[in-house]
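Okay, structure15.csv now, which holds CSV, C-alpha atoms:
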```
chain,number,residue,atom,x,y,z
A,1,MET,CA,-26.5,88.2,33.3
A,2,ASN,CA,-29.9,89.4,34.5
A,3,TRP,CA,-29.8,90.2,38.2
A,4,ASP,CA,-32.9,89.9,40.3
A,5,PRO,CA,-32.6,92.4,43.2
A,6,ALA,CA,-35.5,90.8,45.1
A,7,GLN,CA,-34.0,87.3,44.9
A,8,TYR,CA,-30.6,88.6,45.9
A,9,LEU,CA,-32.0,90.5,48.9
A,10,ARG,CA,-34.0,87.5,50.1
A,11,PHE,CA,-31.0,86.7,52.4
A,12,GLY,CA,-30.1,90.4,52.7
A,13,SER,CA,-29.0,90.3,56.3
A,14,GLU,CA,-26.7,87.3,55.7
A,15,ARG,CA,-25.2,88.9,52.6
A,16,LEU,CA,-24.7,92.2,54.5
A,17,ARG,CA,-22.8,90.9,57.4
A,18,PRO,CA,-19.4,90.4,55.6
A,19,ALA,CA,-19.7,94.0,54.2
A,20,LEU,CA,-20.3,95.3,57.7
A,21,ASP,CA,-17.3,93.4,59.0
A,22,LEU,CA,-15.1,94.8,56.2
A,23,LEU,CA,-16.4,98.3,56.7
A,24,ALA,CA,-15.6,98.2,60.4
A,25,ARG,CA,-11.9,97.5,59.5
A,26,VAL,CA,-11.5,100.4,57.0
A,27,PRO,CA,-9.5,103.0,58.9
A,28,ALA,CA,-10.4,106.1,56.7
A,29,GLU,CA,-11.7,108.9,58.9
A,30,ALA,CA,-12.9,111.6,56.5
A,31,PRO,CA,-12.5,110.5,52.9
A,32,LYS,CA,-13.6,113.0,50.2
A,33,PHE,CA,-14.3,110.5,47.4
A,34,VAL,CA,-15.5,106.9,48.0
A,35,ILE,CA,-16.4,104.3,45.3
A,36,ASP,CA,-18.7,101.4,45.9
A,37,LEU,CA,-17.4,99.0,43.2
A,38,GLY,CA,-20.2,96.6,42.3
A,39,CYS,CA,-22.7,98.4,44.4
A,40,GLY,CA,-25.6,96.1,43.5
A,41,ALA,CA,-28.9,97.2,45.1
A,42,GLY,CA,-27.3,100.0,47.0
A,43,ASN,CA,-27.8,98.8,50.6
A,44,ILE,CA,-24.1,98.9,51.2
A,45,THR,CA,-23.7,102.2,49.4
A,46,ALA,CA,-26.2,103.7,51.9
A,47,LEU,CA,-24.0,102.4,54.7
A,48,LEU,CA,-20.9,104.1,53.2
A,49,ALA,CA,-22.8,107.3,53.0
A,50,ALA,CA,-23.8,107.0,56.6
A,51,ARG,CA,-20.3,106.3,57.7
A,52,TRP,CA,-18.8,109.2,55.7
A,53,PRO,CA,-21.6,111.8,55.3
A,54,GLY,CA,-19.1,114.4,54.0
A,55,ALA,CA,-17.9,112.2,51.1
A,56,GLU,CA,-18.9,112.0,47.5
A,57,ILE,CA,-20.1,108.4,47.2
A,58,LEU,CA,-20.2,106.9,43.7
A,59,GLY,CA,-21.8,103.5,43.1
A,60,ILE,CA,-20.7,101.4,40.0
A,61,ASP,CA,-22.5,98.4,38.7
A,62,GLY,CA,-23.1,96.6,35.5
A,63,SER,CA,-26.8,95.8,36.1
A,64,GLU,CA,-29.4,98.5,35.5
A,65,GLU,CA,-31.9,96.4,37.5
A,66,MET,CA,-29.7,96.7,40.5
A,67,LEU,CA,-28.9,100.4,39.9
A,68,ALA,CA,-32.6,101.2,39.8
A,69,ARG,CA,-33.0,99.8,43.3
A,70,ALA,CA,-29.7,101.5,44.4
A,71,ARG,CA,-30.9,104.9,43.4
A,72,VAL,CA,-33.8,104.5,45.8
A,73,ALA,CA,-31.8,102.9,48.7
A,74,ALA,CA,-29.1,105.5,48.6
A,75,SER,CA,-30.8,108.5,47.0
A,76,GLY,CA,-28.0,111.0,48.0
A,77,CYS,CA,-25.3,109.1,46.2
A,78,HIS,CA,-24.3,109.0,42.5
A,79,PHE,CA,-24.5,105.9,40.4
A,80,VAL,CA,-23.1,104.9,37.0
A,81,GLN,CA,-23.6,101.8,35.0
A,82,ALA,CA,-20.2,100.5,33.8
A,83,ASP,CA,-18.1,97.5,33.3
A,84,ILE,CA,-16.0,97.1,36.4
A,85,ALA,CA,-13.2,95.5,34.5
A,86,THR,CA,-12.6,98.6,32.4
A,87,PHE,CA,-14.0,101.3,34.6
A,88,VAL,CA,-11.6,104.2,35.3
A,89,PRO,CA,-12.6,106.8,37.9
A,90,GLU,CA,-12.5,110.5,37.3
A,91,GLY,CA,-10.2,111.7,40.1
A,92,GLU,CA,-8.5,109.7,42.8
A,93,PRO,CA,-10.7,108.0,45.2
A,94,ASP,CA,-9.8,107.8,48.9
A,95,VAL,CA,-11.6,104.5,49.4
A,96,ILE,CA,-12.6,101.8,46.9
A,97,PHE,CA,-15.0,99.4,48.6
A,98,SER,CA,-15.9,96.2,46.8
A,99,ASN,CA,-18.1,93.6,48.4
A,100,ALA,CA,-18.7,90.2,46.8
A,101,VAL,CA,-18.1,91.2,43.2
A,102,LEU,CA,-14.5,90.8,42.0
A,103,GLN,CA,-14.9,87.0,42.0
A,104,TRP,CA,-16.9,87.5,38.7
A,105,LEU,CA,-13.9,89.1,37.0
A,106,PRO,CA,-10.9,87.4,35.5
A,107,ASP,CA,-7.1,88.2,35.7
A,108,HIS,CA,-6.8,89.3,39.3
A,109,ARG,CA,-3.1,89.6,38.8
A,110,ARG,CA,-3.8,92.6,36.6
A,111,LEU,CA,-7.1,93.8,38.2
A,112,LEU,CA,-6.1,94.2,41.8
A,113,PRO,CA,-2.9,96.3,41.1
A,114,ARG,CA,-5.0,98.4,38.7
A,115,LEU,CA,-7.5,99.2,41.4
A,116,LEU,CA,-4.8,100.0,43.8
A,117,SER,CA,-3.2,102.4,41.3
A,118,PHE,CA,-6.4,104.5,41.1
A,119,LEU,CA,-6.3,105.5,44.8
A,120,ALA,CA,-5.1,108.8,46.2
A,121,PRO,CA,-1.9,108.6,48.2
A,122,GLY,CA,-2.8,106.7,51.4
A,123,GLY,CA,-6.1,105.6,49.9
A,124,ILE,CA,-7.7,102.3,50.8
A,125,LEU,CA,-8.7,99.3,48.8
A,126,ALA,CA,-11.2,97.2,50.7
A,127,VAL,CA,-12.3,93.9,49.1
A,128,GLN,CA,-14.4,90.9,50.2
A,129,MET,CA,-14.9,87.9,48.0
A,130,PRO,CA,-16.5,84.5,48.4
A,131,ALA,CA,-14.0,81.7,48.6
A,132,MET,CA,-16.2,78.7,47.8
A,133,GLU,CA,-14.2,76.8,45.1
A,134,GLY,CA,-14.8,73.1,45.5
A,135,ALA,CA,-17.7,73.5,47.9
A,136,PRO,CA,-20.8,71.4,46.8
A,137,PHE,CA,-22.8,74.7,46.5
A,138,ARG,CA,-20.5,75.7,43.6
A,139,ARG,CA,-19.2,72.4,42.3
A,140,LEU,CA,-22.7,70.9,41.7
A,141,GLN,CA,-23.6,73.8,39.4
A,142,GLU,CA,-20.7,73.1,37.2
A,143,GLU,CA,-21.2,69.3,37.2
A,144,LEU,CA,-24.8,69.7,36.2
A,145,ALA,CA,-24.0,72.1,33.5
A,146,ARG,CA,-21.8,69.5,31.9
A,147,GLU,CA,-24.6,66.9,32.0
A,148,GLY,CA,-28.1,66.5,30.5
A,149,PRO,CA,-29.8,68.1,27.5
A,150,TRP,CA,-28.6,71.6,28.4
A,151,THR,CA,-24.9,71.1,28.1
A,152,GLU,CA,-24.5,72.9,24.8
A,153,ARG,CA,-26.5,75.9,25.9
A,154,LEU,CA,-24.5,76.2,29.1
A,155,ALA,CA,-21.1,75.7,27.5
A,156,HIS,CA,-20.3,79.4,27.5
A,157,VAL,CA,-22.1,80.6,30.6
A,158,ALA,CA,-20.2,83.2,32.7
A,159,ARG,CA,-19.3,81.4,35.9
A,160,VAL,CA,-17.9,82.6,39.2
A,161,LEU,CA,-14.2,82.3,38.8
A,162,PRO,CA,-11.7,80.8,41.2
A,163,ILE,CA,-9.9,83.5,43.1
A,164,LEU,CA,-6.3,83.4,44.0
A,165,ALA,CA,-4.9,81.9,47.2
A,166,PRO,CA,-4.3,84.4,50.1
A,167,ALA,CA,-0.6,84.0,49.8
A,168,GLU,CA,-0.8,84.9,46.1
A,169,TYR,CA,-2.6,88.1,46.8
A,170,TRP,CA,0.0,88.9,49.4
A,171,ASP,CA,2.9,88.3,47.0
A,172,LEU,CA,1.0,90.3,44.3
A,173,LEU,CA,0.1,93.4,46.4
A,174,LYS,CA,2.7,93.7,49.2
A,175,PRO,CA,5.4,95.2,47.0
A,176,LEU,CA,2.8,97.8,45.7
A,177,ALA,CA,1.0,98.7,48.9
A,178,GLY,CA,1.8,100.8,51.9
A,179,THR,CA,0.1,98.3,54.2
A,180,LEU,CA,-1.7,95.1,53.5
A,181,GLU,CA,-4.0,92.9,55.6
A,182,LEU,CA,-5.6,89.6,54.6
A,183,TRP,CA,-8.0,87.5,56.6
A,184,GLU,CA,-10.6,84.7,56.1
A,185,THR,CA,-13.9,84.1,57.8
A,186,ILE,CA,-16.4,81.2,57.6
A,187,TYR,CA,-19.9,82.4,58.3
A,188,LEU,CA,-22.4,79.7,59.4
A,189,HIS,CA,-25.6,81.2,57.9
A,190,ALA,CA,-28.8,79.9,59.5
A,191,LEU,CA,-31.2,79.9,56.5
A,192,LYS,CA,-35.0,79.4,56.7
A,193,GLY,CA,-37.4,77.7,54.3
A,194,PRO,CA,-37.3,74.6,52.1
A,195,ASP,CA,-34.3,74.2,49.7
A,196,ALA,CA,-32.8,77.4,51.3
A,197,VAL,CA,-29.3,76.9,49.7
A,198,LEU,CA,-31.0,76.7,46.3
A,199,HIS,CA,-32.7,80.0,46.8
A,200,TRP,CA,-29.4,81.5,48.0
A,201,ALA,CA,-27.7,80.4,44.8
A,202,MET,CA,-30.6,81.7,42.7
A,203,GLY,CA,-29.6,85.2,43.9
A,204,THR,CA,-26.0,84.9,42.7
A,205,SER,CA,-24.0,82.1,41.2
A,206,LEU,CA,-26.9,80.1,39.8
A,207,ARG,CA,-28.3,83.0,37.9
A,208,PRO,CA,-26.2,82.7,34.7
A,209,TYR,CA,-27.2,79.1,34.3
A,210,LEU,CA,-30.9,79.9,34.7
A,211,ASP,CA,-30.7,82.9,32.4
A,212,ALA,CA,-29.2,80.8,29.6
A,213,LEU,CA,-32.1,78.3,29.6
A,214,ALA,CA,-35.7,78.5,28.5
A,215,GLU,CA,-38.6,76.6,30.0
A,216,PRO,CA,-39.0,73.7,30.7
A,217,GLU,CA,-35.2,73.2,30.9
A,218,ARG,CA,-34.8,76.0,33.4
A,219,THR,CA,-37.1,74.4,35.8
A,220,GLU,CA,-35.5,71.0,35.2
A,221,PHE,CA,-32.0,72.3,35.9
A,222,ARG,CA,-33.1,74.1,39.0
A,223,GLU,CA,-34.9,71.0,40.4
A,224,ALA,CA,-31.9,68.8,39.6
A,225,TYR,CA,-29.6,71.2,41.4
A,226,ALA,CA,-32.0,71.4,44.4
A,227,ALA,CA,-32.0,67.6,44.6
A,228,ALA,CA,-28.3,67.3,44.4
A,229,LEU,CA,-27.8,69.9,47.2
A,230,ARG,CA,-30.2,68.2,49.7
A,231,SER,CA,-27.7,65.5,50.8
A,232,HIS,CA,-25.0,68.2,51.4
A,233,HIS,CA,-27.2,70.7,53.2
A,234,PRO,CA,-30.0,68.8,55.1
A,235,PRO,CA,-32.1,70.9,57.4
A,236,GLN,CA,-31.9,70.7,61.1
A,237,PRO,CA,-34.8,69.3,63.1
A,238,ASP,CA,-36.3,72.8,63.5
A,239,GLY,CA,-36.2,73.3,59.7
A,240,THR,CA,-33.1,75.6,59.7
A,241,THR,CA,-30.4,74.9,57.1
A,242,LEU,CA,-26.9,75.7,58.4
A,243,PHE,CA,-24.9,76.9,55.4
A,244,PRO,CA,-21.1,77.4,55.9
A,245,PHE,CA,-19.8,80.2,53.7
A,246,HIS,CA,-16.1,81.0,53.3
A,247,ARG,CA,-15.0,84.5,52.5
A,248,LEU,CA,-11.7,86.2,51.9
A,249,PHE,CA,-11.0,89.8,53.0
A,250,LEU,CA,-8.3,92.2,51.7
A,251,LEU,CA,-7.4,95.6,52.9
A,252,ALA,CA,-4.6,97.5,51.1
A,253,THR,CA,-3.4,101.1,51.3
A,254,ALA,CA,-1.8,103.0,48.5
A,255,PRO,CA,1.7,104.3,49.2
A,256,GLY,CA,2.0,108.0,50.2
```
Target encoding structure tokens, full file:
Amino acid sequence: MNWDPAQYLRFGSERLRPALDLLARVPAEAPKFVIDLGCGAGNITALLAARWPGAEILGIDGSEEMLARARVAASGCHFVQADIATFVPEGEPDVIFSNAVLQWLPDHRRLLPRLLSFLAPGGILAVQMPAMEGAPFRRLQEELAREGPWTERLAHVARVLPILAPAEYWDLLKPLAGTLELWETIYLHALKGPDAVLHWAMGTSLRPYLDALAEPERTEFREAYAAALRSHHPPQPDGTTLFPFHRLFLLATAPG
């Protein structure tokens, strides 16, 4: 999937807010080694470096386009292009911070315990993931992909995957963790501009569909999605689109 940093950061302040809320809950005082797992454009990596100036900060991402932006945004940090699903750190991190990335990866019953196992004793795994299964924003993408002349070309597109229910994460990680916290938040984003939810999706979950199509089908698919969204997310009289976005947070510490 080809990430577009400029499109992703179009709603940068809205996307940053959950990361700030998660970071505020991380109790680490002076970690030596911190990993930003799925660091993207590096704006969150820079915040981790500011929070813990004495730590070695390592950003991991699969997109070289994003990493190029990250190396500028957080120039004092180190960055590596790697597949998050198979990445193994050198040494034991004190904090693994992952904001809005693990929803792209399968098999959370294996993945989350694996990440927890990498931590130093007492280390912290901090995760935030969108929890939008069934929302029109996500559902309409999948419905459109099954219809029209593009069906065959979109049959094997990498989609955002359903995450587990909070109780399933609890049952999975509680026996393995020293402490475990889970919480959910619904953010009511006030988005500006026409077809604002379309442009939000173009920075994340809609990208794989658009990347798989050539013109003119790419434009046709995008316009069909925009039209389908309008009845679900009409603008307010002042032109603002209120976009409720549900997110799941997870904070686990390694035993020790």
Quick one: everything within 12 Å of Leu154 in chain A, counting all atoms listed in the file, minus sequence neighbours fewer than 4 positions away in the same chain. Send it as a PyMOL selection string. chain A and resi 141-150+158-159+206-214+217-218+221
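Coordinates place CA of Ala46 in chain A at a distance of 4.7 Å from CA of Ala74 in chain A.
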Among listed residues A:Gly193, A:Pro27, A:Pro53, A:Gly256, nearest Leu242 in chain A (using all atoms listed in the file): A:Gly193
Quick one: pull the distance between CA of Gly38 in chain A and CA of His246 in chain A, Å, one decimal.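 Atom-to-atom, CA of Gly38 in chain A and CA of His246 in chain A are spaced 19.5 Å apart.
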Can you tell me which residues surround Ala28 in chain A at a distance of at most 10 Å, considering all atoms listed in the file, apart from same-chain residues fewer than 5 positions away, and format the answer as a PDB file with C-alpha atoms, keeping the file's coordinate frame?
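After the write, out15.pdb holds the following:
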```pdb
ATOM      1  CA  LEU A  23     -16.400  98.300  56.700  1.00  0.00           C
ATOM      2  CA  ARG A  51     -20.300 106.300  57.700  1.00  0.00           C
ATOM      3  CA  TRP A  52     -18.800 109.200  55.700  1.00  0.00           C
ATOM      4  CA  ASP A  94      -9.800 107.800  48.900  1.00  0.00           C
ATOM      5  CA  VAL A  95     -11.600 104.500  49.400  1.00  0.00           C
ATOM      6  CA  GLY A 122      -2.800 106.700  51.400  1.00  0.00           C
ATOM      7  CA  GLY A 123      -6.100 105.600  49.900  1.00  0.00           C
ATOM      8  CA  ILE A 124      -7.700 102.300  50.800  1.00  0.00           C
TER       9      ILE A 124
END
```
Quick one: everything within 12 Å of Ser205 in chain A, counting all atoms listed in the file, minus sequence neighbours fewer than 3 positions away in the same chain. Send it as a tab-separated table (two decimals) with C-alpha atoms, in the frame of the given file.
```tsv
chain	number	residue	atom	x	y	z
A	1	MET	CA	-26.50	88.20	33.30
A	2	ASN	CA	-29.90	89.40	34.50
A	3	TRP	CA	-29.80	90.20	38.20
A	4	ASP	CA	-32.90	89.90	40.30
A	7	GLN	CA	-34.00	87.30	44.90
A	8	TYR	CA	-30.60	88.60	45.90
A	100	ALA	CA	-18.70	90.20	46.80
A	101	VAL	CA	-18.10	91.20	43.20
A	103	GLN	CA	-14.90	87.00	42.00
A	104	TRP	CA	-16.90	87.50	38.70
A	130	PRO	CA	-16.50	84.50	48.40
A	132	MET	CA	-16.20	78.70	47.80
A	133	GLU	CA	-14.20	76.80	45.10
A	137	PHE	CA	-22.80	74.70	46.50
A	138	ARG	CA	-20.50	75.70	43.60
A	139	ARG	CA	-19.20	72.40	42.30
A	140	LEU	CA	-22.70	70.90	41.70
A	141	GLN	CA	-23.60	73.80	39.40
A	142	GLU	CA	-20.70	73.10	37.20
A	157	VAL	CA	-22.10	80.60	30.60
A	158	ALA	CA	-20.20	83.20	32.70
A	159	ARG	CA	-19.30	81.40	35.90
A	160	VAL	CA	-17.90	82.60	39.20
A	161	LEU	CA	-14.20	82.30	38.80
A	197	VAL	CA	-29.30	76.90	49.70
A	198	LEU	CA	-31.00	76.70	46.30
A	199	HIS	CA	-32.70	80.00	46.80
A	200	TRP	CA	-29.40	81.50	48.00
A	201	ALA	CA	-27.70	80.40	44.80
A	202	MET	CA	-30.60	81.70	42.70
A	208	PRO	CA	-26.20	82.70	34.70
A	209	TYR	CA	-27.20	79.10	34.30
A	210	LEU	CA	-30.90	79.90	34.70
A	211	ASP	CA	-30.70	82.90	32.40
```
Taken to one decimal, the CA of Arg25 in chain A-CA of Ala126 in chain A distance is 8.8 Å
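Within the 8 Å cut-off around Leu188 in chain A, using only C-alpha atoms and omitting residues fewer than 4 positions from it on the same chain, the listed residues are Leu242, Phe243, Pro244 and Phe245 of chain A.
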Keeping only C-alpha atoms, take the residues you just selected and write them out as a short mmCIF file (atom, residue, chain, number, x, y, z; two decimals), in the frame of the given file.
```cif
data_model
loop_
_atom_site.label_atom_id
_atom_site.label_comp_id
_atom_site.auth_asym_id
_atom_site.auth_seq_id
_atom_site.Cartn_x
_atom_site.Cartn_y
_atom_site.Cartn_z
CA LEU A 242 -26.90 75.70 58.40
CA PHE A 243 -24.90 76.90 55.40
CA PRO A 244 -21.10 77.40 55.90
CA PHE A 245 -19.80 80.20 53.70
#
```
Select, from A:Thr179, A:Thr204, A:Thr45, A:Asn99, the residue with the minimum atom-to-atom distance to Ile57 in chain A, counting only C-alpha atoms.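 Comparing A:Thr179, A:Thr204, A:Thr45, A:Asn99 against Ile57 in chain A, the winner is A:Thr45.
Among the candidates A:Leu176, A:Ala49, A:Leu164, A:Ile35, the residue lying nearest to Pro106 in chain A is A:Leu164 (atoms considered: all atoms listed in the file).
Ranking A:Leu58, A:Cys39, A:Leu191, A:Ile96 by their shortest atom-to-atom distance to Asp238 in chain A, with all atoms listed in the file included, puts A:Leu191 first.
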Got a sec: who's within 6 Å of Ala41 in chain A, counting only C-alpha atoms, leaving out chain neighbours fewer than 2 positions off, as a VMD selection string? chain A and resid 43 66 69 to 70
Reconstruct range 165-197 of chain A at the level of N, CA and C atoms, and format the result as a PDB file, in the coordinates of the input.
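Here's the written file out_2.pdb:
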```pdb
ATOM      1  N   ALA A 165      -5.166  82.240  45.852  1.00  0.00           N
ATOM      2  CA  ALA A 165      -4.900  81.900  47.200  1.00  0.00           C
ATOM      3  C   ALA A 165      -4.485  83.124  48.009  1.00  0.00           C
ATOM      4  N   PRO A 166      -4.756  83.195  49.318  1.00  0.00           N
ATOM      5  CA  PRO A 166      -4.300  84.400  50.100  1.00  0.00           C
ATOM      6  C   PRO A 166      -2.862  84.719  49.918  1.00  0.00           C
ATOM      7  N   ALA A 167      -2.002  83.714  49.910  1.00  0.00           N
ATOM      8  CA  ALA A 167      -0.600  84.000  49.800  1.00  0.00           C
ATOM      9  C   ALA A 167      -0.248  84.612  48.410  1.00  0.00           C
ATOM     10  N   GLU A 168      -1.036  84.262  47.384  1.00  0.00           N
ATOM     11  CA  GLU A 168      -0.800  84.900  46.100  1.00  0.00           C
ATOM     12  C   GLU A 168      -1.195  86.337  46.057  1.00  0.00           C
ATOM     13  N   TYR A 169      -2.295  86.683  46.729  1.00  0.00           N
ATOM     14  CA  TYR A 169      -2.600  88.100  46.800  1.00  0.00           C
ATOM     15  C   TYR A 169      -1.578  88.865  47.630  1.00  0.00           C
ATOM     16  N   TRP A 170      -1.042  88.220  48.643  1.00  0.00           N
ATOM     17  CA  TRP A 170       0.000  88.900  49.400  1.00  0.00           C
ATOM     18  C   TRP A 170       1.231  89.160  48.560  1.00  0.00           C
ATOM     19  N   ASP A 171       1.699  88.153  47.845  1.00  0.00           N
ATOM     20  CA  ASP A 171       2.900  88.300  47.000  1.00  0.00           C
ATOM     21  C   ASP A 171       2.617  89.347  45.887  1.00  0.00           C
ATOM     22  N   LEU A 172       1.388  89.412  45.400  1.00  0.00           N
ATOM     23  CA  LEU A 172       1.000  90.300  44.300  1.00  0.00           C
ATOM     24  C   LEU A 172       0.999  91.784  44.805  1.00  0.00           C
ATOM     25  N   LEU A 173       0.403  92.032  45.962  1.00  0.00           N
ATOM     26  CA  LEU A 173       0.100  93.400  46.400  1.00  0.00           C
ATOM     27  C   LEU A 173       1.087  93.983  47.401  1.00  0.00           C
ATOM     28  N   LYS A 174       1.774  93.138  48.160  1.00  0.00           N
ATOM     29  CA  LYS A 174       2.700  93.700  49.200  1.00  0.00           C
ATOM     30  C   LYS A 174       3.725  94.594  48.639  1.00  0.00           C
ATOM     31  N   PRO A 175       4.339  94.283  47.493  1.00  0.00           N
ATOM     32  CA  PRO A 175       5.400  95.200  47.000  1.00  0.00           C
ATOM     33  C   PRO A 175       4.747  96.542  46.486  1.00  0.00           C
ATOM     34  N   LEU A 176       3.428  96.592  46.252  1.00  0.00           N
ATOM     35  CA  LEU A 176       2.800  97.800  45.700  1.00  0.00           C
ATOM     36  C   LEU A 176       2.074  98.622  46.729  1.00  0.00           C
ATOM     37  N   ALA A 177       1.807  98.040  47.902  1.00  0.00           N
ATOM     38  CA  ALA A 177       1.000  98.700  48.900  1.00  0.00           C
ATOM     39  C   ALA A 177       1.781  99.281  50.036  1.00  0.00           C
ATOM     40  N   GLY A 178       1.232 100.326  50.644  1.00  0.00           N
ATOM     41  CA  GLY A 178       1.800 100.800  51.900  1.00  0.00           C
ATOM     42  C   GLY A 178       1.647  99.881  53.008  1.00  0.00           C
ATOM     43  N   THR A 179       0.408  99.389  53.180  1.00  0.00           N
ATOM     44  CA  THR A 179       0.100  98.300  54.200  1.00  0.00           C
ATOM     45  C   THR A 179      -0.845  97.350  53.506  1.00  0.00           C
ATOM     46  N   LEU A 180      -0.860  96.133  54.034  1.00  0.00           N
ATOM     47  CA  LEU A 180      -1.700  95.100  53.500  1.00  0.00           C
ATOM     48  C   LEU A 180      -2.149  94.152  54.584  1.00  0.00           C
ATOM     49  N   GLU A 181      -3.462  93.895  54.652  1.00  0.00           N
ATOM     50  CA  GLU A 181      -4.000  92.900  55.600  1.00  0.00           C
ATOM     51  C   GLU A 181      -4.875  91.931  54.792  1.00  0.00           C
ATOM     52  N   LEU A 182      -4.801  90.653  55.158  1.00  0.00           N
ATOM     53  CA  LEU A 182      -5.600  89.600  54.600  1.00  0.00           C
ATOM     54  C   LEU A 182      -6.211  88.788  55.747  1.00  0.00           C
ATOM     55  N   TRP A 183      -7.472  88.409  55.634  1.00  0.00           N
ATOM     56  CA  TRP A 183      -8.000  87.500  56.600  1.00  0.00           C
ATOM     57  C   TRP A 183      -9.177  86.703  55.976  1.00  0.00           C
ATOM     58  N   GLU A 184      -9.507  85.587  56.606  1.00  0.00           N
ATOM     59  CA  GLU A 184     -10.600  84.700  56.100  1.00  0.00           C
ATOM     60  C   GLU A 184     -11.584  84.502  57.249  1.00  0.00           C
ATOM     61  N   THR A 185     -12.844  84.369  56.853  1.00  0.00           N
ATOM     62  CA  THR A 185     -13.900  84.100  57.800  1.00  0.00           C
ATOM     63  C   THR A 185     -14.860  83.068  57.217  1.00  0.00           C
ATOM     64  N   ILE A 186     -15.301  82.130  58.037  1.00  0.00           N
ATOM     65  CA  ILE A 186     -16.400  81.200  57.600  1.00  0.00           C
ATOM     66  C   ILE A 186     -17.619  81.600  58.406  1.00  0.00           C
ATOM     67  N   TYR A 187     -18.643  82.024  57.678  1.00  0.00           N
ATOM     68  CA  TYR A 187     -19.900  82.400  58.300  1.00  0.00           C
ATOM     69  C   TYR A 187     -20.845  81.162  58.231  1.00  0.00           C
ATOM     70  N   LEU A 188     -21.441  80.847  59.346  1.00  0.00           N
ATOM     71  CA  LEU A 188     -22.400  79.700  59.400  1.00  0.00           C
ATOM     72  C   LEU A 188     -23.793  80.347  59.346  1.00  0.00           C
ATOM     73  N   HIS A 189     -24.294  80.508  58.124  1.00  0.00           N
ATOM     74  CA  HIS A 189     -25.600  81.200  57.900  1.00  0.00           C
ATOM     75  C   HIS A 189     -26.714  80.182  58.317  1.00  0.00           C
ATOM     76  N   ALA A 190     -27.664  80.674  59.080  1.00  0.00           N
ATOM     77  CA  ALA A 190     -28.800  79.900  59.500  1.00  0.00           C
ATOM     78  C   ALA A 190     -29.993  80.319  58.554  1.00  0.00           C
ATOM     79  N   LEU A 191     -30.251  79.517  57.521  1.00  0.00           N
ATOM     80  CA  LEU A 191     -31.200  79.900  56.500  1.00  0.00           C
ATOM     81  C   LEU A 191     -32.553  79.187  56.750  1.00  0.00           C
ATOM     82  N   LYS A 192     -33.640  79.893  56.469  1.00  0.00           N
ATOM     83  CA  LYS A 192     -35.000  79.400  56.700  1.00  0.00           C
ATOM     84  C   LYS A 192     -35.650  78.993  55.382  1.00  0.00           C
ATOM     85  N   GLY A 193     -36.579  78.047  55.459  1.00  0.00           N
ATOM     86  CA  GLY A 193     -37.400  77.700  54.300  1.00  0.00           C
ATOM     87  C   GLY A 193     -36.842  76.450  53.594  1.00  0.00           C
ATOM     88  N   PRO A 194     -37.682  75.777  52.808  1.00  0.00           N
ATOM     89  CA  PRO A 194     -37.300  74.600  52.100  1.00  0.00           C
ATOM     90  C   PRO A 194     -36.270  74.948  50.964  1.00  0.00           C
ATOM     91  N   ASP A 195     -35.309  74.049  50.736  1.00  0.00           N
ATOM     92  CA  ASP A 195     -34.300  74.200  49.700  1.00  0.00           C
ATOM     93  C   ASP A 195     -33.657  75.635  49.804  1.00  0.00           C
ATOM     94  N   ALA A 196     -33.265  76.006  51.021  1.00  0.00           N
ATOM     95  CA  ALA A 196     -32.800  77.400  51.300  1.00  0.00           C
ATOM     96  C   ALA A 196     -31.492  77.664  50.515  1.00  0.00           C
ATOM     97  N   VAL A 197     -30.601  76.684  50.387  1.00  0.00           N
ATOM     98  CA  VAL A 197     -29.300  76.900  49.700  1.00  0.00           C
ATOM     99  C   VAL A 197     -29.593  77.137  48.192  1.00  0.00           C
TER     100      VAL A 197
END
```
